[in-house]
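Enquirer: Sharing data-v6.cif (mmCIF, C-alpha atoms) below.
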```cif
data_my_file
#
loop_
_atom_site.label_atom_id
_atom_site.label_comp_id
_atom_site.auth_asym_id
_atom_site.auth_seq_id
_atom_site.Cartn_x
_atom_site.Cartn_y
_atom_site.Cartn_z
CA MET A 1 123.51 71.56 85.09
CA GLU A 2 122.73 69.66 88.29
CA PHE A 3 119.55 70.10 90.24
CA THR A 4 121.45 70.69 93.48
CA GLU A 5 123.30 73.66 91.93
CA CYS A 6 120.01 75.43 91.30
CA PHE A 7 118.70 74.92 94.78
CA PRO A 8 120.32 77.67 96.85
CA VAL A 9 119.75 76.30 100.36
CA TRP A 10 120.65 72.74 99.42
CA ASN A 11 123.64 72.60 101.77
CA GLN A 12 121.55 73.77 104.69
CA LEU A 13 119.19 70.83 104.45
CA THR A 14 119.79 67.70 106.51
CA GLN A 15 120.99 64.58 104.75
CA PRO A 16 117.64 62.78 105.11
CA GLN A 17 115.88 65.83 103.63
CA GLN A 18 118.30 65.92 100.71
CA GLN A 19 117.85 62.21 100.07
CA GLU A 20 114.09 62.47 100.10
CA ILE A 21 114.11 65.37 97.63
CA LEU A 22 116.52 63.57 95.29
CA ARG A 23 114.31 60.48 95.39
CA CYS A 24 111.19 62.46 94.44
CA VAL A 25 112.36 65.26 92.16
CA ALA A 26 111.20 64.70 88.58
CA THR A 27 112.41 66.20 85.31
CA ARG A 28 109.80 67.26 82.82
CA GLU A 29 109.74 68.95 79.45
CA PHE A 30 107.06 71.28 78.19
CA LYS A 31 106.58 72.47 74.64
CA LYS A 32 106.22 76.21 74.01
CA GLY A 33 102.62 77.24 74.66
CA THR A 34 101.80 74.46 77.15
CA VAL A 35 99.87 75.61 80.21
CA ILE A 36 101.78 74.01 83.09
CA TYR A 37 99.52 75.19 85.86
CA ASP A 38 96.20 76.98 86.01
CA GLY A 39 94.55 76.06 89.27
CA THR A 40 92.27 73.53 87.57
CA THR A 41 95.06 71.13 86.64
CA GLY A 42 95.75 70.23 90.27
CA CYS A 43 98.84 71.24 92.13
CA THR A 44 101.97 70.93 90.02
CA GLY A 45 104.53 71.50 92.76
CA PHE A 46 107.67 73.47 93.33
CA ILE A 47 109.31 74.12 89.95
CA VAL A 48 112.96 74.92 89.22
CA VAL A 49 113.62 76.02 85.65
CA GLU A 50 116.53 74.15 84.05
CA SER A 51 116.12 75.82 80.66
CA GLY A 52 113.52 77.80 78.74
CA GLN A 53 111.14 80.52 79.80
CA LEU A 54 107.89 80.52 81.79
CA ARG A 55 105.20 83.18 82.04
CA ALA A 56 102.82 83.63 84.98
CA PHE A 57 99.60 85.47 84.18
CA ILE A 58 96.12 86.18 85.44
CA THR A 59 92.90 86.12 83.41
CA SER A 60 89.79 88.27 83.80
CA GLU A 61 86.29 86.79 83.75
CA ASP A 62 85.91 87.83 80.11
CA GLY A 63 89.19 86.22 79.11
CA ARG A 64 91.62 89.16 79.15
CA GLU A 65 95.13 88.31 80.32
CA VAL A 66 97.96 90.21 81.90
CA SER A 67 101.47 88.88 82.55
CA VAL A 68 102.55 89.05 86.17
CA TYR A 69 106.13 87.82 85.87
CA ARG A 70 108.46 85.69 83.79
CA LEU A 71 110.89 83.00 84.88
CA PHE A 72 114.15 82.00 83.28
CA GLU A 73 116.94 79.45 83.82
CA ARG A 74 117.51 78.69 87.52
CA ASP A 75 114.41 80.66 88.55
CA ILE A 76 111.95 79.11 90.94
CA CYS A 77 108.21 78.96 90.60
CA LEU A 78 106.43 78.76 93.90
CA LEU A 79 102.91 79.66 92.86
CA SER A 80 102.65 76.42 90.90
CA ALA A 81 102.46 74.90 94.38
CA SER A 82 99.68 77.25 95.52
CA CYS A 83 97.72 74.32 96.98
CA ILE A 84 100.24 74.08 99.83
CA LEU A 85 100.34 77.86 100.34
CA ASN A 86 97.27 78.30 102.52
CA SER A 87 97.08 82.05 102.27
CA ILE A 88 97.31 82.45 98.50
CA GLN A 89 93.85 83.59 97.48
CA PHE A 90 94.04 84.20 93.77
CA ASP A 91 94.22 82.15 90.60
CA ILE A 92 97.29 82.27 88.50
CA SER A 93 98.25 80.40 85.32
CA ILE A 94 101.73 79.43 84.23
CA GLU A 95 102.67 78.58 80.68
CA ALA A 96 105.85 77.63 78.85
CA GLU A 97 106.72 80.68 76.77
CA ARG A 98 109.53 78.72 75.13
CA ASP A 99 110.33 75.01 75.18
CA CYS A 100 111.21 74.23 78.79
CA ARG A 101 112.98 71.67 80.90
CA VAL A 102 112.12 71.89 84.57
CA TRP A 103 112.61 70.03 87.83
CA ILE A 104 109.52 69.50 89.93
CA ILE A 105 109.43 68.73 93.65
CA PRO A 106 106.05 67.26 94.66
CA PRO A 107 104.02 69.77 96.70
CA GLU A 108 103.43 67.58 99.77
CA LEU A 109 107.11 66.77 100.14
CA PHE A 110 108.10 70.38 99.72
CA GLN A 111 105.57 71.44 102.32
CA ARG A 112 106.66 68.81 104.83
CA ILE A 113 110.31 69.80 104.62
CA MET A 114 109.48 73.50 104.70
CA ARG A 115 107.54 72.99 107.95
CA GLU A 116 110.58 71.55 109.71
CA SER A 117 113.43 73.41 108.00
CA ALA A 118 114.01 77.06 108.93
CA PRO A 119 116.45 77.53 106.00
CA LEU A 120 113.93 76.26 103.46
CA ALA A 121 111.10 78.29 105.01
CA ASN A 122 113.26 81.42 104.95
CA TYR A 123 114.26 80.73 101.37
CA THR A 124 110.61 80.29 100.36
CA ASN A 125 109.99 83.59 102.06
CA GLU A 126 112.62 85.27 99.91
CA ILE A 127 110.98 83.99 96.75
CA MET A 128 107.61 85.23 97.97
CA GLN A 129 109.14 88.66 98.56
CA GLN A 130 110.48 88.67 95.01
CA ARG A 131 107.04 87.85 93.63
CA LEU A 132 105.49 90.56 95.78
CA SER A 133 108.07 93.00 94.42
CA ASP A 134 107.29 91.91 90.83
CA VAL A 135 103.61 92.48 91.43
CA MET A 136 104.15 95.88 93.08
CA TRP A 137 106.23 96.89 90.07
CA LEU A 138 103.37 95.83 87.82
CA ILE A 139 100.89 97.92 89.83
CA GLU A 140 103.09 100.98 89.47
CA GLN A 141 103.36 100.36 85.74
CA ILE A 142 99.62 99.95 85.30
CA LEU A 143 98.71 102.92 87.45
CA TRP A 144 101.32 105.42 86.60
CA LYS A 145 102.99 104.59 83.35
CA ARG A 146 101.41 105.58 80.09
CA LEU A 147 100.59 102.75 77.73
CA ASP A 148 102.90 104.03 74.99
CA LYS A 149 105.83 103.76 77.43
CA ARG A 150 104.75 100.30 78.57
CA ILE A 151 104.56 99.04 74.98
CA ALA A 152 107.95 100.57 74.21
CA ALA A 153 109.43 98.90 77.31
CA PHE A 154 107.89 95.58 76.34
CA LEU A 155 109.39 95.74 72.82
CA ILE A 156 112.83 96.52 74.25
CA GLU A 157 112.54 93.62 76.73
CA GLU A 158 111.46 91.22 73.97
CA SER A 159 114.31 92.35 71.79
CA THR A 160 116.78 91.60 74.59
CA LEU A 161 115.25 88.16 75.21
CA GLU A 162 115.12 87.24 71.52
CA GLU A 163 118.54 88.81 70.92
CA SER A 164 117.19 90.40 67.77
CA LEU A 165 115.66 93.68 66.62
CA LYS A 166 113.17 91.72 64.55
CA LEU A 167 110.46 90.40 66.85
CA THR A 168 107.98 87.68 65.99
CA THR A 169 105.57 88.82 68.70
CA THR A 170 101.99 89.46 67.55
CA HIS A 171 99.87 92.45 68.56
CA GLU A 172 97.59 90.00 70.33
CA GLN A 173 100.50 88.71 72.45
CA ILE A 174 101.58 92.21 73.43
CA ALA A 175 98.00 93.00 74.44
CA ARG A 176 97.86 89.85 76.56
CA HIS A 177 101.11 90.71 78.29
CA LEU A 178 100.02 94.22 79.14
CA GLY A 179 96.37 93.58 79.92
CA THR A 180 95.01 95.77 77.16
CA ALA A 181 93.13 95.27 73.88
CA ARG A 182 94.74 94.25 70.59
CA GLU A 183 93.27 97.28 68.81
CA VAL A 184 94.99 99.59 71.27
CA VAL A 185 98.35 97.93 70.64
CA THR A 186 97.87 98.11 66.88
CA ARG A 187 97.06 101.80 67.05
CA MET A 188 100.09 102.51 69.23
CA LEU A 189 102.45 100.52 66.99
CA ARG A 190 101.17 102.45 63.97
CA SER A 191 102.01 105.66 65.78
CA PHE A 192 105.50 104.32 66.64
CA GLN A 193 105.89 103.43 62.96
CA SER A 194 104.94 106.91 61.80
CA GLU A 195 107.67 108.23 64.10
CA GLY A 196 110.18 105.84 62.54
CA MET A 197 110.82 103.77 65.68
CA VAL A 198 109.44 100.47 64.38
CA LYS A 199 108.43 98.85 61.13
CA VAL A 200 105.29 96.77 61.42
CA SER A 201 104.62 94.01 58.91
CA ARG A 202 102.51 90.86 58.85
CA GLY A 203 103.75 88.62 61.65
CA SER A 204 106.68 90.75 62.77
CA ILE A 205 107.71 94.02 64.34
CA GLU A 206 111.12 95.40 63.55
CA ILE A 207 112.74 97.93 65.84
CA THR A 208 114.27 100.55 63.54
CA ASP A 209 115.32 103.15 66.12
CA GLU A 210 116.22 101.29 69.31
CA LYS A 211 117.68 104.35 70.99
CA ARG A 212 114.52 106.45 70.72
CA LEU A 213 112.29 103.52 71.62
CA ALA A 214 114.41 102.87 74.72
CA ALA A 215 114.28 106.55 75.62
CA LEU A 216 110.48 106.46 75.37
CA ALA A 217 110.38 103.34 77.56
CA GLU A 218 112.60 104.95 80.20
CA GLY A 219 110.94 108.35 80.23
CA MET B 1 94.50 92.09 125.25
CA GLU B 2 97.88 90.45 125.74
CA PHE B 3 100.65 90.58 123.17
CA THR B 4 101.09 86.80 123.27
CA GLU B 5 97.45 86.26 122.29
CA CYS B 6 97.99 88.17 119.06
CA PHE B 7 101.08 86.27 118.10
CA PRO B 8 99.82 83.05 116.50
CA VAL B 9 102.97 80.93 116.66
CA TRP B 10 103.89 82.05 120.18
CA ASN B 11 103.59 78.54 121.65
CA GLN B 12 105.86 77.11 118.98
CA LEU B 13 108.77 79.35 119.96
CA THR B 14 111.38 78.15 122.44
CA GLN B 15 111.40 79.63 125.92
CA PRO B 16 114.59 81.67 125.31
CA GLN B 17 113.03 83.08 122.12
CA GLN B 18 109.85 84.00 123.98
CA GLN B 19 111.81 85.68 126.76
CA GLU B 20 113.87 87.69 124.33
CA ILE B 21 110.79 88.92 122.49
CA LEU B 22 109.02 89.85 125.73
CA ARG B 23 112.09 91.77 126.85
CA CYS B 24 112.26 93.80 123.62
CA VAL B 25 108.67 94.24 122.48
CA ALA B 26 107.55 97.87 122.84
CA THR B 27 104.09 99.41 122.93
CA ARG B 28 103.55 102.59 120.96
CA GLU B 29 100.67 104.87 120.19
CA PHE B 30 100.18 106.81 116.98
CA LYS B 31 97.69 109.60 116.36
CA LYS B 32 95.46 109.37 113.30
CA GLY B 33 97.37 110.64 110.27
CA THR B 34 100.85 109.80 111.54
CA VAL B 35 103.13 108.16 108.99
CA ILE B 36 104.61 105.21 110.88
CA TYR B 37 106.88 103.99 108.14
CA ASP B 38 107.92 105.30 104.76
CA GLY B 39 111.31 103.87 103.95
CA THR B 40 113.06 107.11 104.90
CA THR B 41 112.25 106.88 108.61
CA GLY B 42 114.48 103.85 109.09
CA CYS B 43 113.20 100.38 109.79
CA THR B 44 110.31 100.37 112.24
CA GLY B 45 110.10 96.64 112.83
CA PHE B 46 107.50 93.94 113.02
CA ILE B 47 104.18 95.54 114.04
CA VAL B 48 101.19 93.87 115.68
CA VAL B 49 98.07 96.07 115.81
CA GLU B 50 96.49 96.15 119.27
CA SER B 51 93.80 98.66 118.29
CA GLY B 52 93.08 101.16 115.52
CA GLN B 53 93.57 100.98 111.78
CA LEU B 54 96.62 101.22 109.53
CA ARG B 55 96.85 101.86 105.82
CA ALA B 56 99.71 100.77 103.56
CA PHE B 57 100.08 102.76 100.36
CA ILE B 58 102.46 103.55 97.54
CA THR B 59 103.19 106.95 96.04
CA SER B 60 104.04 107.89 92.46
CA GLU B 61 106.87 110.26 91.58
CA ASP B 62 104.39 113.08 91.16
CA GLY B 63 102.78 112.41 94.53
CA ARG B 64 99.73 110.33 93.64
CA GLU B 65 98.84 107.64 96.15
CA VAL B 66 97.05 104.33 96.04
CA SER B 67 96.14 102.17 99.03
CA VAL B 68 97.53 98.67 98.92
CA TYR B 69 95.97 97.18 102.02
CA ARG B 70 94.57 98.04 105.44
CA LEU B 71 95.30 96.48 108.80
CA PHE B 72 93.02 96.17 111.80
CA GLU B 73 93.13 94.82 115.34
CA ARG B 74 95.40 91.74 115.64
CA ASP B 75 96.71 92.19 112.11
CA ILE B 76 100.41 92.06 111.48
CA CYS B 77 102.50 94.46 109.47
CA LEU B 78 105.57 92.89 108.00
CA LEU B 79 106.54 95.47 105.40
CA SER B 80 107.35 97.97 108.16
CA ALA B 81 110.35 95.68 108.66
CA SER B 82 111.32 95.77 104.96
CA CYS B 83 114.95 96.43 105.86
CA ILE B 84 115.30 92.82 107.05
CA LEU B 85 113.44 91.43 104.04
CA ASN B 86 116.25 91.30 101.51
CA SER B 87 114.12 90.71 98.47
CA ILE B 88 111.55 93.46 98.95
CA GLN B 89 112.32 95.92 96.17
CA PHE B 90 109.69 98.60 96.46
CA ASP B 91 108.86 101.51 98.71
CA ILE B 92 105.77 101.42 100.81
CA SER B 93 104.38 103.85 103.38
CA ILE B 94 102.27 103.00 106.39
CA GLU B 95 100.11 105.50 108.21
CA ALA B 96 97.71 105.39 111.13
CA GLU B 97 94.27 105.81 109.58
CA ARG B 98 92.77 106.02 113.07
CA ASP B 99 94.41 106.45 116.46
CA CYS B 100 96.45 103.27 116.98
CA ARG B 101 98.10 101.23 119.69
CA VAL B 102 100.64 98.78 118.38
CA TRP B 103 103.32 96.39 119.59
CA ILE B 104 106.65 96.57 117.83
CA ILE B 105 109.32 93.88 117.73
CA PRO B 106 112.70 95.32 116.75
CA PRO B 107 113.68 94.24 113.23
CA GLU B 108 117.06 92.66 114.08
CA LEU B 109 115.58 90.51 116.83
CA PHE B 110 112.72 89.40 114.60
CA GLN B 111 115.14 88.51 111.85
CA ARG B 112 117.45 86.55 114.15
CA ILE B 113 114.64 84.42 115.55
CA MET B 114 113.10 83.93 112.11
CA ARG B 115 116.43 82.57 110.82
CA GLU B 116 116.49 79.82 113.43
CA SER B 117 112.78 79.12 113.93
CA ALA B 118 110.93 77.17 111.24
CA PRO B 119 107.53 78.00 112.80
CA LEU B 120 108.22 81.75 112.75
CA ALA B 121 109.64 81.60 109.22
CA ASN B 122 106.58 79.68 108.02
CA TYR B 123 104.30 82.11 109.76
CA THR B 124 106.08 85.07 108.13
CA ASN B 125 105.58 83.27 104.87
CA GLU B 126 101.83 83.08 105.44
CA ILE B 127 101.67 86.81 106.04
CA MET B 128 103.65 87.43 102.88
CA GLN B 129 101.17 85.27 100.96
CA GLN B 130 98.31 87.33 102.35
CA ARG B 131 99.96 90.54 101.19
CA LEU B 132 100.62 89.06 97.78
CA SER B 133 96.95 88.09 97.63
CA ASP B 134 95.90 91.62 98.63
CA VAL B 135 98.08 93.07 95.92
CA MET B 136 96.83 90.64 93.27
CA TRP B 137 93.28 91.59 94.21
CA LEU B 138 94.22 95.23 93.74
CA ILE B 139 95.67 94.53 90.28
CA GLU B 140 92.46 92.83 89.23
CA GLN B 141 90.45 95.79 90.51
CA ILE B 142 92.61 98.33 88.71
CA LEU B 143 92.74 96.42 85.46
CA TRP B 144 89.32 95.02 85.15
CA LYS B 145 86.91 96.85 87.35
CA ARG B 146 85.34 100.10 86.23
CA LEU B 147 86.02 103.10 88.41
CA ASP B 148 82.35 103.65 89.24
CA LYS B 149 82.22 100.15 90.73
CA ARG B 150 85.46 100.68 92.64
CA ILE B 151 84.18 103.94 94.16
CA ALA B 152 80.88 102.28 95.07
CA ALA B 153 82.77 99.38 96.71
CA PHE B 154 84.98 101.83 98.61
CA LEU B 155 81.95 103.73 99.98
CA ILE B 156 80.34 100.47 101.12
CA GLU B 157 83.59 99.38 102.81
CA GLU B 158 83.97 102.74 104.55
CA SER B 159 80.39 102.60 105.72
CA THR B 160 81.01 99.17 107.27
CA LEU B 161 84.20 100.38 108.96
CA GLU B 162 82.63 103.59 110.28
CA GLU B 163 79.41 101.75 111.15
CA SER B 164 77.45 104.62 109.65
CA LEU B 165 75.82 105.60 106.38
CA LYS B 166 77.17 109.13 106.81
CA LEU B 167 80.85 109.16 105.88
CA THR B 168 83.32 111.88 106.74
CA THR B 169 85.67 110.81 103.94
CA THR B 170 86.71 113.58 101.54
CA HIS B 171 86.85 113.26 97.75
CA GLU B 172 90.60 113.72 98.04
CA GLN B 173 90.88 110.73 100.39
CA ILE B 174 88.86 108.51 98.08
CA ALA B 175 91.07 109.54 95.18
CA ARG B 176 94.19 108.70 97.20
CA HIS B 177 92.83 105.28 98.12
CA LEU B 178 91.98 104.37 94.57
CA GLY B 179 94.93 105.95 92.79
CA THR B 180 92.87 108.39 90.75
CA ALA B 181 92.31 112.15 90.62
CA ARG B 182 90.02 114.11 92.95
CA GLU B 183 88.13 115.60 90.01
CA VAL B 184 87.27 112.13 88.75
CA VAL B 185 85.89 111.15 92.16
CA THR B 186 83.84 114.34 92.40
CA ARG B 187 82.35 113.77 88.98
CA MET B 188 81.47 110.17 89.82
CA LEU B 189 79.90 111.10 93.17
CA ARG B 190 77.79 113.73 91.44
CA SER B 191 76.55 111.08 89.06
CA PHE B 192 75.78 108.76 92.02
CA GLN B 193 73.89 111.65 93.60
CA SER B 194 71.82 112.28 90.50
CA GLU B 195 70.84 108.60 90.64
CA GLY B 196 69.78 109.01 94.27
CA MET B 197 72.39 106.65 95.73
CA VAL B 198 74.32 109.25 97.77
CA LYS B 199 73.92 112.77 99.04
CA VAL B 200 77.08 114.83 98.78
CA SER B 201 77.56 117.84 101.02
CA ARG B 202 80.54 119.83 102.27
CA GLY B 203 82.72 117.44 104.29
CA SER B 204 80.46 114.42 104.11
CA ILE B 205 78.95 111.81 101.86
CA GLU B 206 75.73 110.17 102.91
CA ILE B 207 74.68 106.84 101.44
CA THR B 208 70.98 107.18 100.68
CA ASP B 209 70.40 103.93 98.78
CA GLU B 210 72.77 101.34 100.21
CA LYS B 211 71.19 98.46 98.35
CA ARG B 212 71.68 99.95 94.89
CA LEU B 213 75.17 101.18 95.73
CA ALA B 214 76.11 97.69 96.96
CA ALA B 215 74.64 96.17 93.80
CA LEU B 216 76.76 98.51 91.68
CA ALA B 217 79.86 97.58 93.72
CA GLU B 218 79.22 93.87 93.29
CA GLY B 219 78.29 93.92 89.61
#
```
Transcribe the structure of this file into structure tokens.
Expert:
Amino acid sequence: MEFTECFPVWNQLTQPQQQEILRCVATREFKKGTVIYDGTTGCTGFIVVESGQLRAFITSEDGREVSVYRLFERDICLLSASCILNSIQFDISIEAERDCRVWIIPPELFQRIMRESAPLANYTNEIMQQRLSDVMWLIEQILWKRLDKRIAAFLIEESTLEESLKLTTTHEQIARHLGTAREVVTRMLRSFQSEGMVKVSRGSIEITDEKRLAALAEG
Amino acid sequence: MEFTECFPVWNQLTQPQQQEILRCVATREFKKGTVIYDGTTGCTGFIVVESGQLRAFITSEDGREVSVYRLFERDICLLSASCILNSIQFDISIEAERDCRVWIIPPELFQRIMRESAPLANYTNEIMQQRLSDVMWLIEQILWKRLDKRIAAFLIEESTLEESLKLTTTHEQIARHLGTAREVVTRMLRSFQSEGMVKVSRGSIEITDEKRLAALAEG
């Protein structure tokens, strides 16, 4: 896959802008679990995902996490360039949830071109709207969706991503995704198990009644 | 106050763009309580607040509300033009929380100029970042801040806005701002009252120990 294919407004940039980006864009690989950006590591830049999976999350003062969104192949991470986004006033961390290959455009270059290019500024705007939509969705989930439904939905999503009914996710990981405590997840999974929807064993969760679990998630 | 003073990138627009905006911008007044935008009323447009106070909120399927942000004099409301923001995928409502005077730029015009003007697109981007920051702040509050602290913080904020220690806010209104139930607010206010921080009477809440209430909000 070429970088230019994953950059939707590429053809609307001027030739000098294109040349400058091509000269500066870097490819990098990150092992699963690596924190790519967390506000203390300096400004990473504008990231385009070539392969793998990223997770953006926030952390409370006492170390609790909640996932805000995930990024997959061809997705774009803008918040890893928060230093050039003057009005972003929160800390976010981004980690490789699987082994990743990404392209990175240095933040200063991205900012300079965005200032002069209406297409790039409008495109950046679209991405920001998507993130805002992700975050609004999360608020609705947190406020109005019962935790049993959120856990069910998370298991279904994981199963789709892993293409398997047998998940290697830990209770701790689920808790971190959903911003709750491990004990709460464990209790809920036990209740799912007693209803025959999952089978919990050391280090794995098997979905044994996908249909009912999906119905719970949807409801 | 002139419209052009409240439009930060005004001087970076071309003269034809300025003229077109001046020809189309409309002044409107809304009485306190009026819903200006709710996704079903059609696309209102790009709103600049001349005076008054707006509230943006979301509503659950069963009618519960939570405030997402508030706008004051000179603030700009972009989500009232959601129809031209292709990647906004949520419903939001905007109401006049006090009597308001606003300027409105029609959505199509705003979109057309934004497409061709890098300054306007970048400015729109800044506003979007502010909203994303507001919403992230809200998530952190909901997830990690106890409800007693959130109610205390809301009372302090209201008191600042109303410039009075005697608030005319109802329990119902507080509940709608914070996305909780009226009964929960009533119970919490009673507990504040027993601690001597507020005095609750029919139709009003008086802050009797601002310092302790503020300390609770901050903690």
Enquirer: Here's the selection I'm unsure about, the PyMOL selection byres ((chain B) within 8 of (chain A)); applied to the file above, which residues does it give, as a PyMOL selection string?
Expert: chain B and resi 60+85-90+114-119+121-122+124-133+135-137+139-140+142-144+179
Enquirer: Could you write out that same residue set with C-alpha atoms as a short mmCIF file (atom, residue, chain, number, x, y, z; two decimals), in the coordinates of the input?
Expert:
```
data_model
loop_
_atom_site.label_atom_id
_atom_site.label_comp_id
_atom_site.auth_asym_id
_atom_site.auth_seq_id
_atom_site.Cartn_x
_atom_site.Cartn_y
_atom_site.Cartn_z
CA SER B 60 104.04 107.89 92.46
CA LEU B 85 113.44 91.43 104.04
CA ASN B 86 116.25 91.30 101.51
CA SER B 87 114.12 90.71 98.47
CA ILE B 88 111.55 93.46 98.95
CA GLN B 89 112.32 95.92 96.17
CA PHE B 90 109.69 98.60 96.46
CA MET B 114 113.10 83.93 112.11
CA ARG B 115 116.43 82.57 110.82
CA GLU B 116 116.49 79.82 113.43
CA SER B 117 112.78 79.12 113.93
CA ALA B 118 110.93 77.17 111.24
CA PRO B 119 107.53 78.00 112.80
CA ALA B 121 109.64 81.60 109.22
CA ASN B 122 106.58 79.68 108.02
CA THR B 124 106.08 85.07 108.13
CA ASN B 125 105.58 83.27 104.87
CA GLU B 126 101.83 83.08 105.44
CA ILE B 127 101.67 86.81 106.04
CA MET B 128 103.65 87.43 102.88
CA GLN B 129 101.17 85.27 100.96
CA GLN B 130 98.31 87.33 102.35
CA ARG B 131 99.96 90.54 101.19
CA LEU B 132 100.62 89.06 97.78
CA SER B 133 96.95 88.09 97.63
CA VAL B 135 98.08 93.07 95.92
CA MET B 136 96.83 90.64 93.27
CA TRP B 137 93.28 91.59 94.21
CA ILE B 139 95.67 94.53 90.28
CA GLU B 140 92.46 92.83 89.23
CA ILE B 142 92.61 98.33 88.71
CA LEU B 143 92.74 96.42 85.46
CA TRP B 144 89.32 95.02 85.15
CA GLY B 179 94.93 105.95 92.79
#
```
Enquirer: What is the atom CA of Ile94 of chain A to atom CA of Asp75 of chain A distance in Å?
Expert: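 A separation of 13.5 Å between them.
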Enquirer: Would you work out the distance separating atom CA of Gln193 of chain B from atom CA of Gln141 of chain B, expressed in Å to one decimal?
Expert: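 So the two atoms, atom CA of Gln193 of chain B and atom CA of Gln141 of chain B, lie 23.1 Å apart.
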Enquirer: Would you be able to write out as a PyMOL selection string which residues have an atom within 12 Å of (99.5, 111.5, 107.8) in the file's coordinates, counting only C-alpha atoms?
Expert: chain B and resi 30-38+54-57+93-99+173
Enquirer: If you count only C-alpha atoms, which residues fall within 9 Å of Arg212 of chain A, apart from same-chain ones fewer than 4 positions away, as an MDAnalysis selection string?
Expert: chainID A and resid 197 216:217
Enquirer: What does the distance from atom CA of Glu29 of chain A to atom CA of Leu13 of chain A come to in Å, to one decimal?
Expert: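 The value is 26.8 Å.
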Enquirer: Could you spell out the hits of the PyMOL selection byres ((chain A and resi 181-186) around 12) on the shown file, as a ChimeraX atom specification?
Expert: /A:63-66,147-152,154-155,169-180,187-193,200-202,205 /B:143-144
Enquirer: Taking into account all atoms listed in the file, which residue in the set A:Ser204, A:Ser51, A:Thr44, A:Gln15 is nearest to Ser80 of chain A?
Expert: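 Looking only at the distances to Ser80 of chain A, the closest residue turns out to be A:Thr44.
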Enquirer: For the provided coordinates, the residues matched by the PyMOL selection byres ((chain B and resi 110) around 9) should be stated as a PyMOL selection string.
Expert: chain B and resi 21+45-46+81+84+105-109+111-115
Enquirer: With 8 Å added on each side, what axis-aligned box encloses every listed atom of segment 6-14 of chain A? Give the centre and edge lengths in Å to one decimal, as lines of an AutoDock Vina configuration file.
Expert:
```
center_x = 121.2
center_y = 72.7
center_z = 98.9
size_x = 20.9
size_y = 26.0
size_z = 31.2
```
Enquirer: Given the choices A:Cys24, A:Val198, A:Leu78, A:Val49, which gets closest to Cys6 of chain A if the distance is worked out from all atoms listed in the file?
Expert: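 When distances to Cys6 of chain A are compared using all atoms listed in the file, the smallest one comes from A:Val49.
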Enquirer: With N, CA, C and O atoms as the target, complete segment 162-171 of chain A and hand it back as an mmCIF file, in the frame of the given file.
Expert:
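Final output, rebuild-v3.cif:
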```cif
data_model
loop_
_atom_site.group_PDB
_atom_site.id
_atom_site.type_symbol
_atom_site.label_atom_id
_atom_site.label_comp_id
_atom_site.auth_asym_id
_atom_site.auth_seq_id
_atom_site.Cartn_x
_atom_site.Cartn_y
_atom_site.Cartn_z
ATOM 1 N N GLU A 162 114.985 87.940 72.796
ATOM 2 C CA GLU A 162 115.120 87.240 71.520
ATOM 3 C C GLU A 162 116.474 87.522 70.857
ATOM 4 O O GLU A 162 116.787 86.945 69.827
ATOM 5 N N GLU A 163 117.232 88.412 71.469
ATOM 6 C CA GLU A 163 118.540 88.810 70.920
ATOM 7 C C GLU A 163 118.424 89.202 69.449
ATOM 8 O O GLU A 163 119.248 88.804 68.614
ATOM 9 N N SER A 164 117.398 89.970 69.150
ATOM 10 C CA SER A 164 117.190 90.400 67.770
ATOM 11 C C SER A 164 116.327 91.656 67.757
ATOM 12 O O SER A 164 115.507 91.874 68.650
ATOM 13 N N LEU A 165 116.512 92.494 66.744
ATOM 14 C CA LEU A 165 115.660 93.680 66.620
ATOM 15 C C LEU A 165 114.380 93.337 65.865
ATOM 16 O O LEU A 165 113.456 94.137 65.802
ATOM 17 N N LYS A 166 114.363 92.144 65.275
ATOM 18 C CA LYS A 166 113.170 91.720 64.550
ATOM 19 C C LYS A 166 112.386 90.756 65.439
ATOM 20 O O LYS A 166 112.852 89.642 65.715
ATOM 21 N N LEU A 167 111.221 91.198 65.892
ATOM 22 C CA LEU A 167 110.460 90.400 66.850
ATOM 23 C C LEU A 167 109.336 89.662 66.140
ATOM 24 O O LEU A 167 108.699 90.211 65.227
ATOM 25 N N THR A 168 109.067 88.440 66.598
ATOM 26 C CA THR A 168 107.980 87.680 65.990
ATOM 27 C C THR A 168 106.704 87.757 66.839
ATOM 28 O O THR A 168 105.748 87.049 66.594
ATOM 29 N N THR A 169 106.735 88.639 67.827
ATOM 30 C CA THR A 169 105.570 88.820 68.700
ATOM 31 C C THR A 169 104.383 89.383 67.913
ATOM 32 O O THR A 169 104.558 90.263 67.084
ATOM 33 N N THR A 170 103.187 88.894 68.194
ATOM 34 C CA THR A 170 101.990 89.460 67.550
ATOM 35 C C THR A 170 101.394 90.575 68.422
ATOM 36 O O THR A 170 101.705 90.680 69.604
ATOM 37 N N HIS A 171 100.550 91.378 67.815
ATOM 38 C CA HIS A 171 99.870 92.450 68.560
ATOM 39 C C HIS A 171 99.023 91.857 69.682
ATOM 40 O O HIS A 171 98.944 92.388 70.781
#
```
